Amino acid sequence: MSSEAPDSPRFRYVSRKRRTKEDRRFIAGEGRFVADIGLPGMKHVALVTSPHPAARIDAIRTEEALKIEGVVAVITGEELAQATNPLMSGLNLPDVRRFPLAVDRARYAGEWVAAVVADSRYIAEDGAERVEVDYDPLPFVVDAEEAMAEDAPAVHPAHGTNVLYRRKFVYGAVEEDFAAADHRLAFRACWGRNSTVPIETFGVVAKWHPGTGTLDVWASIQMPKYPEQIARALRLDANCVRVHYDVDVGGSYGVKRGIKHTVLVGYLARKLGCPVRLIEDRLENMTGGDAHGPERIFDVEAAFNGDGEIRSLRLRALDNVGAYAGRAPLQLAKPIGAIVGPYRIKSVEYEAISVTTNKTPQEAVRGFGQSPTNFAIETAVDKIARTLDRDRVEIRKRNFIRKDEFPYTIPSGSEYDSGDYHTVQDKVLDLADFPALIARRDALRAEGKLAGIGIASCLEPSGGNAAFEPLFNPANETTTWMESCVTKIDLAGTVTSIMATASAGQGHETLVATVTGEELERDPDGIRVVRSDSLASLPSNSPVASRMAIMLGGAASGAAKILKRKLIDIAAHNLQLPADRLVYEGGNVAVRDDPGRSLAWDELVEIAHRKYHQMPLGMEPGLQASYVWEVPKGGELPDAAGRVRMYPCYSFEAHIPLVEIDRQTGQVKILEYFIGHDCGTMINPDIVHGMIYGGIAHGIGAALYEIFAYNDDGQLLTGTFMDYLLPSVHEIPDIKMVDHSTPSPLTSMGQKGTGEGGYLGAPAAVASAVNDALAPLGLELNALPMRPGDIEALLRTKSE
Amino acid sequence: MKPREISVTVNAKRYRSEVPPRLTLVDYLREVLGLIGTHTGCEHGVCGACSVIFDGQPIRSCLMFAIQADGHEVETVEGLAEADGGLSPLQDAFWETHALQCGYCTPGMLMATHALLRSNPDPTVDEIKEAIGGNLCRCTGYQQIVEAVRLAAKRMRGAHPEAGKDTIDE
Amino acid sequence: MKAAAFDYIRASDIAEVCQALNDGGPDCKIIAGGQTLVPMMAMRLARPSIIIDINAVEELQGIGGDESSLVIKACTRQAAAERSPEVRAKAPLLAKALRFVGHPQTRNRGTVGGSIANADPVAEIPLVALTLDAGLVAESAGGAKNIDISGFFHGLMETSLAPDECLTEVHLPVWNGGGIIGTGFQEVSIRAGDFAIVAAAVQLVVDESGVCRRAAVALGGVAPTPLRIEATAEALLSSDLDAETVGEAARLAANEIDPGGDVHASAEYRRRCARVMVERAIIEARDEALRRAANP
């Protein structure tokens, strides 16, 4: 797999194989994760959790816990409800109130009911054991369809129903297109409750400084507008909260939202007058943290012609959001921005239903709902192919938007910026030596084995125009999705850039250094990138939505361009020539026709910092620039029909796995995995490839292994790593990748996002392969995860 | 329940401390000795983030109490550096192939593969996978990690190929 | 997930272990490898008030025996047993099964005796011990006693070890004479290295004409304890292990068992996989014996 990208000759540093900046500290064990932060006098928190999926909390007795030496305090939800504001939701739900600890009732097994603070985490757990809670169990419901029934137990009685959101969007002439089509089919596809479960749990340290009136926060965080939400909940002015972004985050992939943890710990730090730390243990994390993801039932109808043209789609997406609604219900909305996938489908109906149940609340997950939706769309396309007895690749190619059709506006209003789906598809077919792959599959079948090839071709919307926020909550009229970067060239001529968010392995420091180096034509290795804090920095919307290559990369480019312009202008002034007679090269500026006349970088820097008498009139001294910009094509609110432009840039991935299924045990083995990927310009190929490999591994987990399973008593059965099965190296095949690049016309260097790469198509691809293996038996399975027992039970129906 | 005195050699240095019996080895390394390179991910022995080398063998340090390590030898990621403070060939190979992203599982991966290469300087891909089979990673999908170990093995045996090229044959 | 507080004794010989067990009462637990005990303690599902660390007891480590019996001291590391040429030679079924036990890191600490005393119904080592009619030795302050494995596993994670007893030795009878030995070990798990859903262990002897003269078959994961399946073993005797006989013998195994279900596998799935695993293990053992016969 080449580490050089297809468009690398254009660039000096971008797209070239370069070691990352971040790796250097981690390989030495010198990462600084939240659990590495110790402050004098720091106390530790452990949680008391509800054993019941629904219960009134009649009393909480803390005396026994407080008797333990080293236990400092115990607080309950009642106290927090008085002292803090409820946590925000992405929907307009004034009667669905949420605090970090349960108030009056527990709504899911594992909900945090009380917090114990002690000298050590060990003692805090001792204390948590001694807290006595009187529960009065209530009726509960865990199934989303049951929760929608009139007589279902109400999770939030004040809201009146368990349906938190329901709206049907009709984009285009759906009914007419269905009526006019030659064929239609319908099916149900289910996405099991899973998430991207980082190896590091969420943790937060908070310290209140009475002397300055500031709350310092260090956290393993990936959350837009995090400081503001903390401040709001704690009834502090926003500029009283300082979130330190220079904490290394041990993986997040969407999930680490940490609001309730931080409000709890921030409250405790102020109340107790000492730093307080909460590091979730794995039990607290899996049942009560931000660990769960979408759980979705799709009912899909497709209308298509005999020649394979897909005319229209209807999708009904029912999502089980769990006991509270933070940002997660919006994961039903984001996929609207790519609701027809890479296909030229003219009309689509999408009904989104968000239902609350007595399960652990869902939080954001990599892709924010796109992966489950891609799974539903690709399942439809496979079924269309099977119905027409046509090749699955051919059907896709027939319906792919063509490269000459971009920018392409889809029925729901988003505009796909660029792409060449046919070429990427062909490249991966080539990489896989597709005829040979088919022959291999067929040879396995001839031996009596079950073998299948998967095809999944999916979009990765990127850039983070979160227009789904006002789409699902019109009261939230917002269209600003900005990112910023500050870059300075200091007195000694070294370059430093300042970014305003934490990173979880995405390589943002490398991103900024490479882009800045490219613009300034200076070696990125010498460029330092610092992660600032929320008071000292300019606005950011954090690394969600696969947006940072685009937005932070764009902001870094913007700042660097300003600096480059300034250097040229200083040179022009000092060489007494207009700028168009000069050439900027590697940080030095020379006269184009007389290269002997030049000013070197160091000289220009010195003029800027020390020789005001040589500066152009009115120019600001020094060399520093900030750049804040809005997401490309952003700024529009949805219309009445729910059409809106969402994310600006669309990466594309085409997966081809080969699987074998053990006929007798139902175990799936992935024999080969090929992927073609196009994210426009790759700033750093190793980083891009790494994210895609990791995304595929996440996707294989979602397809075959991972589920937050509940029993009929509302208890989570898979709340440890013994039962929630994360893929090891043995479960992930060797992945072969081929790159392509259709640059985005909207970004500073043609880059598109890739943070969700691999994950958005792998579950669909593995499901496609399993179904191809089952097809000769006339069987299909459209529910994830596809565990051995599920497949074996299905195979049984055939052999009986 | 009373704290007990222990003497543990970590990265060739002897430490004397007083610890309660229930303090785990990983918590001892991190909280008492300040060696924060070793991480916890699950505290029940599945994820391998806490892997260290104990008396020459890779183990899970969340599954041992510090008091059990009294009189024994532990190696952690902090001890991998060369005598002059430079990166070991294995660490450098991880950097070269970008065998990490968030870095959280990395110390565990390094210790597991360091132990492997010490006992088996020419491992097959299957042997590498067996050595890291109990170390979970959520970022990388393992591809570049396996590549790093192969590269390190080659370099340590003196072959010096470049990473990423298809010259690593097996 | 931090354990509740406890006292700690590091024993230096067996006598000290027994004394500590005697003095410590029922709340006392031996820690050997700790790979099962420590997670239980971290989750506070186990809360011993005293831990007796036997890892420093040299008498409890080592592999020996004679031509008729392989003797593994209870605190011998699984990794040491896996590497041992003696184990490979005298108890090839155990050598084979050890590769399925956990991960290399857990095998570096986990012990042979610890796994047997823990008695997880699907664990590989207890299953092999049962298949091979192991003899166990346990010691207490009252002295040593021999235990037959056939009566050792009582119920889910329950053995006949008394609270004041420490397992000290595992004796695996060596199958000598009568023909060529073949071993088979097959398990279904969702991921590699997981605890199995169902595991089958088979050891058999085939004579020079390919006829099965001796067989032992056992299943794990289908009951609260590992189970010997005598009906299946008997069905193989005097046959040449042809496909039909093997298939029928495996079907008998499925009828003998009444497995339970959980989040990973239903009862019916376990039952059906049990038949498949037994069949595959018999075939594996047969093919291995035939290969050995062809290349002595």
# chains A, B, ... in the order shown; residues from 1 in each chain; ligands from 1
call {"tool": "residues_around", "arguments": {"residues": "B:Ala12", "least_positions_apart": "5", "cutoff": "9 Å", "atoms": "only C-alpha atoms", "output": "MDAnalysis selection string"}}
result
chainID B and resid 73:75 79
call {"tool": "select_by_dssp", "arguments": {"residues": "stretch 404-561 of chain A", "states": "strand (DSSP E or B)", "output": "number ranges by chain"}}
result
A: 408-409, 415-416, 450-453, 456-462, 482-489, 495-499, 528-531, 533
call {"tool": "residues_around", "arguments": {"residues": "B:Trp95", "least_positions_apart": "3", "cutoff": "6 Å", "atoms": "only C-alpha atoms", "output": "tab-separated table (two decimals) with N, CA and C atoms, in the first residue's frame"}}
result
chain	number	residue	atom	x	y	z
A	23	ASP	N	2.66	10.95	17.27
A	23	ASP	CA	3.17	9.62	17.60
A	23	ASP	C	4.38	9.66	18.51
B	92	ASP	N	10.62	3.21	17.17
B	92	ASP	CA	10.81	3.97	15.94
B	92	ASP	C	9.99	3.38	14.80
B	98	HIS	N	3.20	4.52	11.54
B	98	HIS	CA	2.00	5.14	12.15
B	98	HIS	C	1.12	4.04	12.75
call {"tool": "closest_atom_pairs", "arguments": {"of": "chain C", "to": "chain A", "cutoff": "12 Å", "atoms": "only C-alpha atoms", "output": "CSV"}}
result
residue,atom,partner,partner_atom,distance
C:Met1,CA,A:Asp281,CA,5.9
C:Lys2,CA,A:Tyr122,CA,5.5
C:Ala3,CA,A:Tyr122,CA,7.5
C:Ala4,CA,A:Asp126,CA,6.9
C:Ala5,CA,A:Asp126,CA,8.7
C:Thr36,CA,A:Met722,CA,11.5
C:Pro39,CA,A:Met722,CA,10.3
C:Met40,CA,A:Met722,CA,11.8
C:Ala42,CA,A:Tyr122,CA,10.2
C:Met43,CA,A:Leu283,CA,8.5
C:Arg44,CA,A:Glu129,CA,9.7
C:Arg47,CA,A:Asp126,CA,11.9
C:Gly102,CA,A:Met722,CA,11.6
C:His103,CA,A:Ser728,CA,11.1
C:Gln186,CA,A:Thr665,CA,11.8
C:Glu187,CA,A:Thr665,CA,10.2
C:Val188,CA,A:Thr665,CA,7.4
C:Ser189,CA,A:Gln667,CA,8.5
C:Ile190,CA,A:Pro788,CA,7.0
C:Arg191,CA,A:Glu731,CA,6.8
C:Ala192,CA,A:His730,CA,6.4
C:Gly193,CA,A:His730,CA,9.0
C:Asp194,CA,A:Met722,CA,8.0
C:Phe195,CA,A:Met722,CA,8.8
C:Ala196,CA,A:Met722,CA,11.8
C:Ile197,CA,A:Gly789,CA,10.3
C:Val198,CA,A:Thr665,CA,10.5
C:Gly261,CA,A:Gly789,CA,10.9
C:Asp262,CA,A:Leu717,CA,9.1
C:Val263,CA,A:Leu717,CA,6.8
C:His264,CA,A:Gly789,CA,7.6
C:Ala265,CA,A:Gly789,CA,5.9
C:Ser266,CA,A:Gly789,CA,7.2
C:Ala267,CA,A:Gly789,CA,10.1
C:Glu268,CA,A:Ala793,CA,8.9
C:Tyr269,CA,A:Gly789,CA,6.2
C:Arg270,CA,A:Gly789,CA,8.9
C:Arg271,CA,A:Thr665,CA,10.9
C:Arg272,CA,A:Thr665,CA,8.2
C:Cys273,CA,A:Thr665,CA,6.2
C:Ala274,CA,A:Thr665,CA,9.8
C:Arg275,CA,A:Gln664,CA,9.7
C:Val276,CA,A:Gln664,CA,6.9
C:Met277,CA,A:Thr665,CA,9.1
C:Glu279,CA,A:Gln664,CA,11.2
C:Arg280,CA,A:Gln664,CA,10.7
call {"tool": "write_last_selection", "arguments": {"atoms": "N, CA and C atoms", "output": "tab-separated table (two decimals), in the first residue's frame"}}
result
chain	number	residue	atom	x	y	z
C	1	MET	N	-13.07	0.12	39.17
C	1	MET	CA	-13.30	-1.25	39.63
C	1	MET	C	-12.16	-1.67	40.54
C	2	LYS	N	-12.27	-1.32	41.79
C	2	LYS	CA	-11.20	-1.61	42.76
C	2	LYS	C	-11.71	-2.64	43.76
C	3	ALA	N	-10.85	-3.57	44.09
C	3	ALA	CA	-11.24	-4.62	45.02
C	3	ALA	C	-11.53	-4.05	46.41
C	4	ALA	N	-12.37	-4.74	47.13
C	4	ALA	CA	-12.57	-4.41	48.54
C	4	ALA	C	-11.29	-4.79	49.29
C	5	ALA	N	-11.11	-4.17	50.44
C	5	ALA	CA	-9.85	-4.36	51.19
C	5	ALA	C	-9.68	-5.80	51.67
C	36	THR	N	-8.61	-15.06	36.85
C	36	THR	CA	-10.05	-15.11	37.09
C	36	THR	C	-10.41	-14.44	38.40
C	39	PRO	N	-10.26	-10.21	38.42
C	39	PRO	CA	-11.43	-9.50	37.86
C	39	PRO	C	-12.66	-9.63	38.75
C	40	MET	N	-12.84	-10.81	39.35
C	40	MET	CA	-13.99	-10.98	40.24
C	40	MET	C	-13.88	-10.06	41.45
C	42	ALA	N	-12.17	-7.25	41.44
C	42	ALA	CA	-12.30	-5.86	40.97
C	42	ALA	C	-13.77	-5.48	40.84
C	43	MET	N	-14.59	-6.44	40.44
C	43	MET	CA	-16.03	-6.17	40.32
C	43	MET	C	-16.74	-6.39	41.65
C	44	ARG	N	-15.98	-6.71	42.67
C	44	ARG	CA	-16.50	-6.96	44.02
C	44	ARG	C	-17.52	-8.10	44.05
C	47	ARG	N	-15.09	-11.19	47.51
C	47	ARG	CA	-14.55	-10.27	48.52
C	47	ARG	C	-13.86	-11.03	49.63
C	102	GLY	N	-7.28	-18.59	26.75
C	102	GLY	CA	-7.03	-17.15	26.89
C	102	GLY	C	-6.08	-16.60	25.83
C	103	HIS	N	-5.15	-15.79	26.31
C	103	HIS	CA	-4.17	-15.16	25.44
C	103	HIS	C	-2.78	-15.40	26.03
C	186	GLN	N	-11.73	-29.17	19.81
C	186	GLN	CA	-12.46	-28.23	18.96
C	186	GLN	C	-13.34	-27.36	19.84
C	187	GLU	N	-13.36	-26.08	19.55
C	187	GLU	CA	-14.29	-25.24	20.28
C	187	GLU	C	-14.89	-24.17	19.39
C	188	VAL	N	-16.08	-23.75	19.76
C	188	VAL	CA	-16.73	-22.62	19.10
C	188	VAL	C	-16.63	-21.44	20.04
C	189	SER	N	-16.13	-20.37	19.52
C	189	SER	CA	-16.18	-19.14	20.30
C	189	SER	C	-16.50	-18.03	19.32
C	190	ILE	N	-16.95	-16.91	19.83
C	190	ILE	CA	-17.32	-15.84	18.91
C	190	ILE	C	-16.05	-15.13	18.43
C	191	ARG	N	-15.16	-14.83	19.36
C	191	ARG	CA	-13.86	-14.30	18.95
C	191	ARG	C	-12.78	-15.31	19.33
C	192	ALA	N	-11.64	-15.20	18.68
C	192	ALA	CA	-10.48	-16.00	19.09
C	192	ALA	C	-10.12	-15.61	20.51
C	193	GLY	N	-9.80	-16.60	21.34
C	193	GLY	CA	-9.34	-16.29	22.69
C	193	GLY	C	-10.44	-16.08	23.70
C	194	ASP	N	-11.69	-16.00	23.23
C	194	ASP	CA	-12.79	-15.90	24.19
C	194	ASP	C	-12.94	-17.22	24.92
C	195	PHE	N	-13.62	-17.17	26.03
C	195	PHE	CA	-14.14	-18.41	26.58
C	195	PHE	C	-14.98	-19.05	25.48
C	196	ALA	N	-14.88	-20.34	25.36
C	196	ALA	CA	-15.64	-21.02	24.33
C	196	ALA	C	-17.13	-20.99	24.66
C	197	ILE	N	-17.95	-21.17	23.64
C	197	ILE	CA	-19.37	-21.42	23.86
C	197	ILE	C	-19.53	-22.90	24.16
C	198	VAL	N	-18.91	-23.72	23.34
C	198	VAL	CA	-18.91	-25.16	23.53
C	198	VAL	C	-17.53	-25.67	23.16
C	261	GLY	N	-28.83	-21.49	28.01
C	261	GLY	CA	-28.54	-20.43	27.05
C	261	GLY	C	-28.13	-19.16	27.75
C	262	ASP	N	-27.49	-18.28	27.03
C	262	ASP	CA	-27.16	-16.96	27.58
C	262	ASP	C	-27.11	-15.96	26.42
C	263	VAL	N	-26.59	-14.78	26.70
C	263	VAL	CA	-26.64	-13.73	25.69
C	263	VAL	C	-25.84	-14.10	24.44
C	264	HIS	N	-24.86	-14.97	24.60
C	264	HIS	CA	-24.01	-15.29	23.45
C	264	HIS	C	-24.51	-16.47	22.64
C	265	ALA	N	-25.23	-17.38	23.28
C	265	ALA	CA	-25.64	-18.60	22.59
C	265	ALA	C	-26.87	-19.18	23.25
C	266	SER	N	-27.83	-19.56	22.43
C	266	SER	CA	-29.03	-20.20	22.98
C	266	SER	C	-28.70	-21.63	23.36
C	267	ALA	N	-29.62	-22.22	24.12
C	267	ALA	CA	-29.44	-23.62	24.51
C	267	ALA	C	-29.39	-24.52	23.28
C	268	GLU	N	-30.27	-24.24	22.33
C	268	GLU	CA	-30.32	-25.08	21.13
C	268	GLU	C	-29.05	-24.94	20.31
C	269	TYR	N	-28.52	-23.74	20.24
C	269	TYR	CA	-27.27	-23.54	19.52
C	269	TYR	C	-26.16	-24.34	20.17
C	270	ARG	N	-26.11	-24.31	21.50
C	270	ARG	CA	-25.08	-25.08	22.20
C	270	ARG	C	-25.23	-26.57	21.92
C	271	ARG	N	-26.45	-27.02	21.93
C	271	ARG	CA	-26.67	-28.44	21.70
C	271	ARG	C	-26.19	-28.83	20.31
C	272	ARG	N	-26.56	-28.03	19.33
C	272	ARG	CA	-26.19	-28.37	17.96
C	272	ARG	C	-24.68	-28.24	17.76
C	273	CYS	N	-24.08	-27.19	18.35
C	273	CYS	CA	-22.63	-27.04	18.22
C	273	CYS	C	-21.90	-28.15	18.94
C	274	ALA	N	-22.48	-28.64	20.02
C	274	ALA	CA	-21.84	-29.74	20.74
C	274	ALA	C	-21.68	-30.94	19.81
C	275	ARG	N	-22.73	-31.25	19.08
C	275	ARG	CA	-22.66	-32.37	18.14
C	275	ARG	C	-21.57	-32.10	17.11
C	276	VAL	N	-21.55	-30.91	16.58
C	276	VAL	CA	-20.57	-30.57	15.54
C	276	VAL	C	-19.15	-30.64	16.09
C	277	MET	N	-18.95	-30.09	17.28
C	277	MET	CA	-17.60	-30.06	17.85
C	277	MET	C	-17.12	-31.47	18.18
C	279	GLU	N	-18.06	-34.20	16.71
C	279	GLU	CA	-17.76	-34.85	15.43
C	279	GLU	C	-16.41	-34.39	14.90
C	280	ARG	N	-16.20	-33.10	14.92
C	280	ARG	CA	-14.93	-32.58	14.37
C	280	ARG	C	-13.73	-33.02	15.21
call {"tool": "closest_residue", "arguments": {"among": "A:Pro595, A:Gly250, A:Gly90, A:Gly634", "to": "chain B", "atoms": "only C-alpha atoms"}}
result
A:Gly250
